>>> print(open('entry10.cif').read())   # mmCIF, C-alpha atoms
data_query
#
loop_
_atom_site.label_atom_id
_atom_site.label_comp_id
_atom_site.auth_asym_id
_atom_site.auth_seq_id
_atom_site.Cartn_x
_atom_site.Cartn_y
_atom_site.Cartn_z
CA MET A 281 103.70 -239.73 -111.66
CA GLY A 282 107.35 -240.23 -110.70
CA TYR A 283 110.58 -240.83 -112.55
CA THR A 284 112.27 -243.33 -114.84
CA LYS A 285 115.91 -244.16 -115.47
CA THR A 286 116.92 -245.44 -118.92
CA THR A 287 120.04 -245.64 -121.06
CA PHE A 288 120.82 -242.40 -122.90
CA ASP A 289 124.11 -243.38 -124.58
CA HIS A 290 127.62 -244.65 -123.86
CA THR A 291 130.91 -242.81 -123.58
CA ALA A 292 133.88 -243.61 -125.86
CA ASP A 293 135.19 -246.09 -123.28
CA GLY A 294 131.83 -247.88 -123.08
CA THR A 295 130.56 -246.36 -119.83
CA GLU A 296 126.75 -246.33 -119.73
CA VAL A 297 125.18 -242.87 -119.56
CA TYR A 298 121.68 -242.49 -118.15
CA ARG A 299 118.57 -240.48 -118.96
CA TYR A 300 116.30 -239.59 -116.05
CA THR A 301 112.75 -238.50 -116.88
CA LEU A 302 110.55 -236.75 -114.31
CA THR A 303 106.78 -236.71 -115.01
CA ASN A 304 103.87 -235.12 -113.13
CA GLU A 305 100.14 -235.91 -113.05
CA GLN A 306 99.44 -233.45 -115.90
CA GLY A 307 101.75 -235.41 -118.19
CA VAL A 308 104.40 -232.68 -118.21
CA SER A 309 107.87 -234.22 -118.28
CA ALA A 310 111.50 -233.18 -118.14
CA SER A 311 114.54 -235.34 -118.82
CA PHE A 312 118.18 -235.06 -117.84
CA THR A 313 121.43 -236.97 -118.23
CA ASN A 314 124.16 -237.69 -115.70
CA PHE A 315 126.69 -236.84 -118.43
CA GLY A 316 127.09 -233.18 -117.55
CA ALA A 317 123.92 -233.00 -115.40
CA ILE A 318 122.29 -231.60 -118.54
CA TRP A 319 118.61 -230.72 -118.97
CA LEU A 320 117.68 -232.56 -122.20
CA THR A 321 113.94 -232.11 -122.79
CA MET A 322 110.86 -230.32 -121.46
CA SER A 323 107.56 -231.63 -122.81
CA VAL A 324 104.55 -229.39 -122.16
CA PRO A 325 101.06 -229.02 -123.71
CA ASP A 326 99.83 -226.22 -125.96
CA LYS A 327 96.38 -224.62 -125.70
CA ASN A 328 94.87 -227.67 -127.45
CA GLY A 329 96.56 -230.15 -125.16
CA GLN A 330 99.18 -231.21 -127.71
CA PHE A 331 102.57 -231.91 -126.15
CA ASP A 332 105.90 -230.79 -127.57
CA ASP A 333 109.47 -230.44 -126.38
CA VAL A 334 110.21 -226.74 -125.91
CA ILE A 335 113.97 -226.71 -125.29
CA LEU A 336 116.93 -227.14 -127.62
CA GLY A 337 119.36 -229.88 -126.80
CA TYR A 338 121.40 -232.96 -127.40
CA ASP A 339 120.58 -236.48 -128.53
CA SER A 340 123.93 -238.21 -127.82
CA VAL A 341 127.14 -238.01 -125.82
CA ASP A 342 129.00 -237.11 -129.00
CA SER A 343 126.72 -234.12 -129.64
CA ILE A 344 127.30 -232.91 -126.06
CA GLN A 345 131.06 -233.00 -126.60
CA THR A 346 131.15 -231.54 -130.12
CA GLN A 347 128.21 -229.14 -130.55
CA PRO A 348 128.36 -225.45 -129.55
CA GLY A 349 126.07 -223.31 -127.47
CA HIS A 350 125.82 -225.17 -124.11
CA PRO A 351 122.07 -226.00 -124.37
CA GLY A 352 120.63 -227.20 -121.08
CA GLU A 353 124.01 -227.30 -119.39
CA PRO A 354 124.63 -226.27 -115.78
CA VAL A 355 127.52 -223.83 -115.90
CA GLY A 356 130.00 -223.28 -113.04
CA ARG A 357 131.90 -222.49 -111.02
CA ASN A 358 131.33 -219.21 -112.84
CA ALA A 359 128.79 -218.60 -115.59
CA ASN A 360 129.33 -215.90 -118.22
CA ARG A 361 132.63 -214.05 -118.66
CA ILE A 362 135.49 -212.95 -116.44
CA GLY A 363 137.39 -210.03 -117.94
CA GLY A 364 141.08 -210.66 -118.53
CA ALA A 365 140.56 -214.29 -117.49
CA LYS A 366 141.71 -213.58 -113.95
CA PHE A 367 140.33 -212.47 -110.62
CA THR A 368 141.74 -211.52 -107.23
CA LEU A 369 140.39 -213.02 -104.01
CA ASN A 370 141.86 -212.43 -100.53
CA GLY A 371 144.88 -210.78 -102.12
CA VAL A 372 145.66 -213.71 -104.41
CA THR A 373 145.27 -213.45 -108.20
CA TYR A 374 143.97 -216.54 -109.98
CA GLU A 375 144.63 -217.04 -113.69
CA LEU A 376 142.00 -218.77 -115.82
CA ALA A 377 142.02 -220.04 -119.39
CA LYS A 378 141.51 -217.40 -122.10
CA ASN A 379 138.76 -219.04 -124.13
CA SER A 380 136.71 -215.99 -125.16
CA ALA A 381 137.93 -213.25 -127.55
CA GLU A 382 141.46 -214.49 -126.68
CA VAL A 383 141.44 -212.35 -123.52
CA ASN A 384 138.51 -213.43 -121.31
CA ASN A 385 137.26 -216.58 -119.66
CA LEU A 386 133.80 -217.87 -120.64
CA HIS A 387 131.77 -220.31 -118.52
CA SER A 388 134.90 -221.47 -116.64
CA GLY A 389 136.05 -223.37 -119.73
CA PRO A 390 137.57 -225.12 -121.45
CA ASP A 391 137.27 -227.93 -118.87
CA LEU A 392 133.50 -227.63 -118.73
CA TYR A 393 131.12 -229.50 -116.45
CA HIS A 394 129.23 -230.83 -119.47
CA SER A 395 131.94 -233.41 -120.19
CA ARG A 396 131.93 -234.94 -116.71
CA LEU A 397 129.94 -237.84 -115.31
CA TRP A 398 127.98 -236.71 -112.27
CA GLU A 399 126.75 -238.92 -109.47
CA SER A 400 122.95 -238.95 -109.49
CA TRP A 401 120.00 -239.80 -107.28
CA ALA A 402 116.26 -239.59 -108.09
CA TYR A 403 113.50 -239.72 -105.50
CA GLU A 404 110.06 -238.40 -104.55
CA THR A 405 109.47 -235.35 -102.36
CA ALA A 406 106.42 -233.46 -101.09
CA GLU A 407 106.98 -230.97 -103.95
CA GLY A 408 107.31 -233.59 -106.69
CA SER A 409 109.86 -235.85 -108.35
CA ARG A 410 113.42 -234.69 -107.73
CA LEU A 411 116.78 -235.47 -109.27
CA ASP A 412 120.07 -234.60 -107.57
CA PHE A 413 123.42 -234.46 -109.35
CA PHE A 414 126.68 -234.39 -107.38
CA LEU A 415 130.21 -233.40 -108.40
CA ASN A 416 133.45 -233.11 -106.44
CA SER A 417 135.50 -230.24 -107.81
CA PRO A 418 139.08 -230.33 -106.47
CA ASP A 419 141.19 -227.35 -105.44
CA GLY A 420 142.55 -225.73 -108.62
CA ASP A 421 139.81 -227.17 -110.83
CA GLN A 422 139.35 -224.77 -113.78
CA GLY A 423 141.76 -222.46 -111.92
CA TYR A 424 139.53 -221.85 -108.89
CA PRO A 425 140.63 -222.24 -105.26
CA GLY A 426 139.15 -224.69 -102.79
CA ASN A 427 137.85 -228.22 -102.81
CA ALA A 428 134.14 -227.92 -103.59
CA LYS A 429 131.21 -230.29 -103.24
CA ILE A 430 128.55 -229.27 -105.77
CA ARG A 431 124.93 -230.35 -105.89
CA ILE A 432 122.47 -229.36 -108.63
CA SER A 433 118.86 -230.41 -108.07
CA TYR A 434 115.95 -230.49 -110.51
CA THR A 435 112.40 -230.87 -109.14
CA LEU A 436 109.25 -231.16 -111.31
CA THR A 437 106.24 -230.04 -109.29
CA GLU A 438 102.57 -230.84 -109.83
CA ASP A 439 101.91 -227.26 -111.00
CA SER A 440 104.45 -227.83 -113.82
CA CYS A 441 107.28 -225.84 -112.28
CA LEU A 442 110.82 -227.03 -112.96
CA LYS A 443 112.85 -225.95 -109.93
CA ILE A 444 116.63 -225.74 -110.17
CA ASP A 445 118.58 -225.44 -106.92
CA TYR A 446 122.34 -224.94 -106.77
CA ASN A 447 124.37 -225.78 -103.68
CA MET A 448 128.13 -225.66 -103.17
CA VAL A 449 130.24 -226.17 -100.06
CA ALA A 450 133.96 -225.37 -100.30
CA ASP A 451 136.88 -225.50 -97.87
CA ALA A 452 138.23 -222.12 -99.04
CA ASP A 453 136.83 -218.81 -100.24
CA THR A 454 136.04 -219.22 -103.92
CA VAL A 455 133.65 -218.24 -106.74
CA ALA A 456 130.13 -219.71 -106.91
CA ASN A 457 128.03 -218.23 -109.71
CA PHE A 458 126.00 -220.96 -111.39
CA THR A 459 123.30 -221.00 -114.05
CA ASN A 460 121.56 -223.30 -116.50
CA HIS A 461 122.21 -222.44 -120.16
CA CYS A 462 118.81 -223.58 -121.47
CA TYR A 463 117.41 -222.36 -124.81
CA PHE A 464 113.62 -222.18 -125.05
CA ASN A 465 111.38 -222.25 -128.11
CA LEU A 466 107.82 -222.29 -126.83
CA ALA A 467 106.45 -223.31 -130.23
CA GLY A 468 108.54 -226.50 -130.09
CA HIS A 469 112.27 -227.10 -130.30
CA ASN A 470 112.20 -227.75 -134.07
CA SER A 471 109.62 -225.13 -135.08
CA GLY A 472 111.88 -222.38 -136.44
CA PRO A 473 112.63 -218.78 -135.40
CA VAL A 474 111.35 -217.31 -132.12
CA MET A 475 111.29 -213.64 -133.15
CA ASP A 476 107.48 -213.43 -132.89
CA GLN A 477 107.46 -214.88 -129.39
CA GLN A 478 107.10 -212.28 -126.66
CA VAL A 479 109.17 -211.53 -123.57
CA TRP A 480 108.67 -209.49 -120.39
CA LEU A 481 111.44 -208.73 -117.88
CA ALA A 482 110.91 -207.32 -114.37
CA ALA A 483 113.77 -204.88 -114.77
CA ASP A 484 113.94 -201.10 -115.11
CA THR A 485 117.72 -201.13 -115.64
CA TYR A 486 120.41 -203.23 -117.33
CA THR A 487 124.21 -203.49 -117.31
CA PRO A 488 125.76 -202.51 -120.66
CA ALA A 489 128.80 -204.44 -121.88
CA ASP A 490 131.74 -203.71 -124.15
CA ALA A 491 132.60 -205.27 -127.51
CA VAL A 492 133.75 -208.52 -125.86
CA SER A 493 130.71 -208.72 -123.54
CA ILE A 494 132.40 -207.54 -120.34
CA PRO A 495 130.14 -205.23 -118.26
CA THR A 496 131.30 -201.62 -118.20
CA GLY A 497 130.20 -201.15 -114.58
CA GLU A 498 127.33 -198.88 -115.52
CA ILE A 499 123.68 -199.52 -114.66
CA LEU A 500 121.47 -197.80 -117.21
CA PRO A 501 117.68 -197.31 -117.47
CA VAL A 502 115.84 -199.31 -120.13
CA ALA A 503 113.17 -196.64 -120.64
CA GLY A 504 113.10 -195.27 -124.17
CA THR A 505 115.53 -197.92 -125.49
CA PRO A 506 115.24 -201.30 -127.24
CA MET A 507 116.28 -202.86 -123.91
CA ASP A 508 112.87 -202.06 -122.42
CA PHE A 509 110.90 -205.26 -121.76
CA THR A 510 108.85 -203.86 -118.90
CA LYS A 511 105.85 -204.45 -121.16
CA MET A 512 105.68 -207.74 -123.04
CA LYS A 513 106.82 -207.38 -126.65
CA PRO A 514 108.00 -209.60 -129.53
CA ILE A 515 111.68 -210.51 -129.34
CA GLY A 516 112.18 -209.33 -132.91
CA GLN A 517 110.44 -205.96 -132.50
CA ASP A 518 113.59 -203.96 -131.70
CA ILE A 519 116.43 -206.45 -132.16
CA GLU A 520 117.63 -204.80 -135.41
CA VAL A 521 117.50 -201.23 -134.05
CA ASP A 522 120.70 -199.16 -134.42
CA PHE A 523 121.53 -199.20 -130.70
CA GLU A 524 125.01 -199.68 -129.28
CA ALA A 525 124.17 -202.51 -126.88
CA LEU A 526 122.49 -204.51 -129.65
CA ILE A 527 125.28 -203.84 -132.12
CA LEU A 528 128.02 -204.91 -129.70
CA GLY A 529 126.05 -207.94 -128.52
CA HIS A 530 124.86 -208.93 -132.01
CA GLY A 531 121.38 -208.97 -130.48
CA TYR A 532 120.23 -209.41 -126.91
CA ASP A 533 122.93 -210.89 -124.68
CA HIS A 534 122.81 -208.80 -121.53
CA ASN A 535 122.12 -208.82 -117.84
CA TRP A 536 119.00 -207.05 -116.63
CA VAL A 537 118.98 -205.78 -113.03
CA LEU A 538 115.83 -207.19 -111.47
CA ASN A 539 113.52 -204.90 -109.54
CA HIS A 540 113.02 -207.26 -106.60
CA LYS A 541 115.16 -207.34 -103.49
CA THR A 542 118.10 -209.74 -103.69
CA GLY A 543 117.19 -212.96 -101.93
CA GLU A 544 113.46 -212.50 -102.52
CA LEU A 545 111.98 -215.18 -104.81
CA SER A 546 109.96 -213.28 -107.41
CA LEU A 547 108.52 -213.53 -110.90
CA SER A 548 111.41 -212.11 -112.92
CA ALA A 549 110.78 -212.95 -116.57
CA LYS A 550 108.00 -214.23 -118.78
CA ALA A 551 107.85 -215.50 -122.35
CA MET A 552 104.79 -216.30 -124.46
CA ASP A 553 104.06 -217.92 -127.81
CA GLU A 554 100.64 -216.72 -128.91
CA ALA A 555 100.21 -219.39 -131.60
CA SER A 556 100.57 -222.32 -129.17
CA GLY A 557 99.34 -220.49 -126.09
CA ARG A 558 102.37 -221.63 -124.11
CA VAL A 559 103.69 -219.30 -121.40
CA LEU A 560 106.99 -219.62 -119.53
CA GLU A 561 107.48 -217.88 -116.20
CA VAL A 562 110.89 -217.55 -114.54
CA TYR A 563 111.30 -217.03 -110.81
CA THR A 564 114.62 -216.34 -109.12
CA ASP A 565 115.96 -214.96 -105.85
CA LEU A 566 119.10 -213.63 -107.55
CA PRO A 567 119.67 -209.96 -108.50
CA GLY A 568 119.88 -210.31 -112.29
CA VAL A 569 118.76 -212.30 -115.30
CA GLN A 570 120.62 -212.82 -118.57
CA PHE A 571 118.46 -212.73 -121.71
CA TYR A 572 120.25 -214.23 -124.72
CA THR A 573 118.86 -214.58 -128.24
CA ALA A 574 121.36 -217.19 -129.48
CA ASN A 575 123.30 -214.56 -131.45
CA PHE A 576 126.41 -216.73 -131.76
CA LEU A 577 124.64 -220.05 -132.23
CA THR A 578 125.20 -220.22 -135.98
CA HIS A 579 125.08 -223.99 -136.38
CA MET A 580 124.02 -226.76 -134.04
CA GLU A 581 122.78 -230.31 -134.54
CA GLY A 582 120.85 -232.15 -131.85
CA LYS A 583 117.49 -233.71 -131.25
#
>>> encode(input="entry10.cif", output="structure tokens")
Amino acid sequence: MGYTKTTFDHTADGTEVYRYTLTNEQGVSASFTNFGAIWLTMSVPDKNGQFDDVILGYDSVDSIQTQPGHPGEPVGRNANRIGGAKFTLNGVTYELAKNSAEVNNLHSGPDLYHSRLWESWAYETAEGSRLDFFLNSPDGDQGYPGNAKIRISYTLTEDSCLKIDYNMVADADTVANFTNHCYFNLAGHNSGPVMDQQVWLAADTYTPADAVSIPTGEILPVAGTPMDFTKMKPIGQDIEVDFEALILGHGYDHNWVLNHKTGELSLSAKAMDEASGRVLEVYTDLPGVQFYTANFLTHMEGK
């Protein structure tokens, strides 16, 4: 069906911020804003053909800048945490901001991508309607080396797949570890808890983390533990079990080591809401997937 470009909001200095909406022939749609290159909505039908938005998110520029949790945001140059807020590359140690537990760096903050205006371009492809966001990240940005040209692309296909592609070209060795921090509620974004919704992960092992969510370096089997999602089960089934990983993480907030070969695009995770009949499938060519149950999202206002 194509794409539309409308006004989403304005920044404090009056700059117009846009909303792009991609729609396919089935009526499935996804919308995004050039303020932060953020994924705002995903409208999909239930088993009766009734459409609802199934992701949490923002309804204004102010909510993007003031609300917690990073819903729908692309995160880079590094997603998740870096222990000690520093890393060494080619013999040089780079210091980052300590914005997590006063010792670590989280999501490359505090100068996050969600507060930046991205260049944008929407167009049609053989796969479906596509939206490209572009950002120039200078040498030293967020503490990382190298001038980097970043492109994040969203494509809505006719089989209702939302493809996210990340591309970065830099003039020096640097870190490139991107993700999208989307929260899904397959019953609808305003429908309440998701504990009865079910999840499956294509992973026989996971990487445990310490009390401040830094991986210990171990890779442990999920078999016989609450971390086992090799068969689909309700999110809430084991989340309160007296198990160290769940206690330290205040729920699920871990990386699972995917069974597929790195670089091989494979079905890696699945979620299902039996009441609505909606099913989400996640494909990736990366080696791991983070499953997070919003354990620290205590209060958020949005759409």
>>> closest_residue(input="entry10.cif", among="A:Ser395, A:Ser440, A:Ala292, A:Gly364", to="Ser380 of chain A", atoms="only C-alpha atoms")
A:Gly364
>>> resolve_selection(input="entry10.cif", expression="the PyMOL selection byres ((chain A and resi 576) around 12)", output="PyMOL selection string")
chain A and resi 348-350+529-533+572-575+577-580
>>> resolve_selection(input="entry10.cif", expression="the PyMOL selection byres ((chain A and resi 301) around 6)", output="count of residues only")
6
>>> resolve_selection(input="entry10.cif", expression="the PyMOL selection byres ((chain A and resi 480) around 9)", output="list in words")
Gln478, Val479, Leu481, Ala482, Ala483, Asp508, Phe509, Thr510, Lys511, Met512, Lys513, Ser548, Ala549, Lys550, Ala551 and Met552 of chain A
>>> closest_residue(input="entry10.cif", among="A:Met322, A:Val492, A:Ile344, A:Ala402", to="Val383 of chain A", atoms="only C-alpha atoms")
A:Val492
>>> closest_residue(input="entry10.cif", among="A:Gly420, A:Gly468, A:Gly363, A:Gly426", to="Ser323 of chain A", atoms="all atoms listed in the file")
A:Gly468
>>> closest_residue(input="entry10.cif", among="A:Val455, A:Pro351, A:Lys285, A:Phe571", to="Met507 of chain A", atoms="only C-alpha atoms")
A:Phe571
>>> residues_around(input="entry10.cif", residues="Gln422 of chain A", least_positions_apart="3", cutoff="8 Å", atoms="all atoms listed in the file", output="list in words")
Leu376, Ala377, Ser388, Gly389, Pro390 and Asp391 of chain A
>>> atom_distance(input="entry10.cif", atom1="atom CA of Tyr424 of chain A", atom2="atom CA of Thr454 of chain A")
6.6 Å
>>> residues_around(input="entry10.cif", residues="Lys366 of chain A", least_positions_apart="3", cutoff="8 Å", atoms="only C-alpha atoms", output="list in words")
Ile362, Gly363, Thr373, Tyr374, Glu375, Leu376 and Asn385 of chain A
>>> write_last_selection(input="entry10.cif", atoms="C-alpha atoms", output="mmCIF file, in the frame of the given file")
data_model
loop_
_atom_site.group_PDB
_atom_site.id
_atom_site.type_symbol
_atom_site.label_atom_id
_atom_site.label_comp_id
_atom_site.auth_asym_id
_atom_site.auth_seq_id
_atom_site.Cartn_x
_atom_site.Cartn_y
_atom_site.Cartn_z
ATOM 1 C CA ILE A 362 135.490 -212.950 -116.440
ATOM 2 C CA GLY A 363 137.390 -210.030 -117.940
ATOM 3 C CA THR A 373 145.270 -213.450 -108.200
ATOM 4 C CA TYR A 374 143.970 -216.540 -109.980
ATOM 5 C CA GLU A 375 144.630 -217.040 -113.690
ATOM 6 C CA LEU A 376 142.000 -218.770 -115.820
ATOM 7 C CA ASN A 385 137.260 -216.580 -119.660
#
>>> atom_distance(input="entry10.cif", atom1="atom CA of Pro418 of chain A", atom2="atom CA of Ala359 of chain A")
18.1 Å
>>> closest_atom_pairs(input="entry10.cif", of="segment 397-448 of chain A", to="segment 555-569 of chain A", cutoff="10 Å", atoms="all atoms listed in the file", output="JSON lines")
{"residue": "A:Cys441", "atom": "CA", "partner": "A:Glu561", "partner_atom": "CA", "distance": 8.9}
{"residue": "A:Leu442", "atom": "CA", "partner": "A:Val562", "partner_atom": "CA", "distance": 9.6}
{"residue": "A:Lys443", "atom": "CA", "partner": "A:Tyr563", "partner_atom": "CA", "distance": 9.1}
{"residue": "A:Ile444", "atom": "CA", "partner": "A:Thr564", "partner_atom": "CA", "distance": 9.7}
>>> closest_residue(input="entry10.cif", among="A:Glu296, A:Glu544, A:Glu399, A:Glu407", to="Gly282 of chain A", atoms="all atoms listed in the file")
A:Glu407
>>> axis_aligned_box(input="entry10.cif", around="segment 374-386 of chain A", padding_each_side="5 Å", output="AutoDock Vina command-line options")
--center_x 139.2 --center_y -216.2 --center_z -118.8 --size_x 20.8 --size_y 17.7 --size_z 27.6
>>> closest_atom_pairs(input="entry10.cif", of="segment 320-394 of chain A", to="segment 445-448 of chain A", cutoff="12 Å", atoms="all atoms listed in the file", output="tab-separated table")
residue	atom	partner	partner_atom	distance
A:Pro354	CA	A:Tyr446	CA	9.4
A:Val355	CA	A:Tyr446	CA	10.6
A:Gly356	CA	A:Tyr446	CA	10.0
A:Arg357	CA	A:Met448	CA	9.3
>>> write_last_selection(input="entry10.cif", atoms="C-alpha atoms", output="mmCIF file, keeping the file's coordinate frame")
data_model
loop_
_atom_site.group_PDB
_atom_site.id
_atom_site.type_symbol
_atom_site.label_atom_id
_atom_site.label_comp_id
_atom_site.auth_asym_id
_atom_site.auth_seq_id
_atom_site.Cartn_x
_atom_site.Cartn_y
_atom_site.Cartn_z
ATOM 1 C CA PRO A 354 124.630 -226.270 -115.780
ATOM 2 C CA VAL A 355 127.520 -223.830 -115.900
ATOM 3 C CA GLY A 356 130.000 -223.280 -113.040
ATOM 4 C CA ARG A 357 131.900 -222.490 -111.020
#
>>> atom_distance(input="entry10.cif", atom1="atom CA of Tyr403 of chain A", atom2="atom CA of Val341 of chain A")
24.5 Å
>>> residues_around(input="entry10.cif", residues="Trp319 of chain A", least_positions_apart="6", cutoff="7 Å", atoms="all atoms listed in the file", output="JSON, numbers by chain")
{"A": [311, 312, 313, 352, 353]}
>>> residues_around(input="entry10.cif", residues="segment 503-506 of chain A", least_positions_apart="4", cutoff="8 Å", atoms="only C-alpha atoms", output="list of chain:residue names")
A:Asp484, A:Asp518, A:Ile519, A:Val521, A:Phe523
>>> build_atoms(input="entry10.cif", residues="segment 388-400 of chain A", atoms="N, CA, C and O atoms", output="PDB file, in the frame of the given file")
ATOM      1  N   SER A 388     133.886-220.690-117.377  1.00  0.00           N
ATOM      2  CA  SER A 388     134.900-221.470-116.640  1.00  0.00           C
ATOM      3  C   SER A 388     135.563-222.533-117.493  1.00  0.00           C
ATOM      4  O   SER A 388     136.166-223.466-116.967  1.00  0.00           O
ATOM      5  N   GLY A 389     135.449-222.400-118.826  1.00  0.00           N
ATOM      6  CA  GLY A 389     136.050-223.370-119.730  1.00  0.00           C
ATOM      7  C   GLY A 389     137.555-223.222-119.812  1.00  0.00           C
ATOM      8  O   GLY A 389     138.140-222.313-119.229  1.00  0.00           O
ATOM      9  N   PRO A 390     138.200-224.130-120.561  1.00  0.00           N
ATOM     10  CA  PRO A 390     137.570-225.120-121.450  1.00  0.00           C
ATOM     11  C   PRO A 390     137.191-226.433-120.778  1.00  0.00           C
ATOM     12  O   PRO A 390     136.530-227.270-121.399  1.00  0.00           O
ATOM     13  N   ASP A 391     137.585-226.661-119.540  1.00  0.00           N
ATOM     14  CA  ASP A 391     137.270-227.930-118.870  1.00  0.00           C
ATOM     15  C   ASP A 391     135.875-227.837-118.267  1.00  0.00           C
ATOM     16  O   ASP A 391     135.702-227.723-117.052  1.00  0.00           O
ATOM     17  N   LEU A 392     134.874-227.919-119.128  1.00  0.00           N
ATOM     18  CA  LEU A 392     133.500-227.630-118.730  1.00  0.00           C
ATOM     19  C   LEU A 392     132.848-228.800-117.991  1.00  0.00           C
ATOM     20  O   LEU A 392     133.206-229.964-118.174  1.00  0.00           O
ATOM     21  N   TYR A 393     131.846-228.467-117.206  1.00  0.00           N
ATOM     22  CA  TYR A 393     131.120-229.500-116.450  1.00  0.00           C
ATOM     23  C   TYR A 393     130.343-230.444-117.372  1.00  0.00           C
ATOM     24  O   TYR A 393     129.990-231.546-116.965  1.00  0.00           O
ATOM     25  N   HIS A 394     130.070-230.005-118.599  1.00  0.00           N
ATOM     26  CA  HIS A 394     129.230-230.830-119.470  1.00  0.00           C
ATOM     27  C   HIS A 394     129.927-232.109-119.948  1.00  0.00           C
ATOM     28  O   HIS A 394     129.259-232.996-120.488  1.00  0.00           O
ATOM     29  N   SER A 395     131.220-232.218-119.755  1.00  0.00           N
ATOM     30  CA  SER A 395     131.940-233.410-120.190  1.00  0.00           C
ATOM     31  C   SER A 395     132.306-234.325-119.011  1.00  0.00           C
ATOM     32  O   SER A 395     133.172-235.186-119.137  1.00  0.00           O
ATOM     33  N   ARG A 396     131.626-234.147-117.890  1.00  0.00           N
ATOM     34  CA  ARG A 396     131.930-234.940-116.710  1.00  0.00           C
ATOM     35  C   ARG A 396     130.715-235.795-116.319  1.00  0.00           C
ATOM     36  O   ARG A 396     129.565-235.364-116.452  1.00  0.00           O
ATOM     37  N   LEU A 397     130.993-236.987-115.845  1.00  0.00           N
ATOM     38  CA  LEU A 397     129.940-237.840-115.310  1.00  0.00           C
ATOM     39  C   LEU A 397     129.653-237.424-113.870  1.00  0.00           C
ATOM     40  O   LEU A 397     130.561-237.363-113.038  1.00  0.00           O
ATOM     41  N   TRP A 398     128.397-237.122-113.590  1.00  0.00           N
ATOM     42  CA  TRP A 398     127.980-236.710-112.270  1.00  0.00           C
ATOM     43  C   TRP A 398     127.314-237.890-111.544  1.00  0.00           C
ATOM     44  O   TRP A 398     126.622-238.703-112.170  1.00  0.00           O
ATOM     45  N   GLU A 399     127.528-237.976-110.251  1.00  0.00           N
ATOM     46  CA  GLU A 399     126.750-238.920-109.470  1.00  0.00           C
ATOM     47  C   GLU A 399     125.293-238.423-109.457  1.00  0.00           C
ATOM     48  O   GLU A 399     125.028-237.218-109.524  1.00  0.00           O
ATOM     49  N   SER A 400     124.348-239.353-109.367  1.00  0.00           N
ATOM     50  CA  SER A 400     122.950-238.950-109.490  1.00  0.00           C
ATOM     51  C   SER A 400     122.061-239.770-108.553  1.00  0.00           C
ATOM     52  O   SER A 400     122.377-240.918-108.214  1.00  0.00           O
TER      53      SER A 400
END
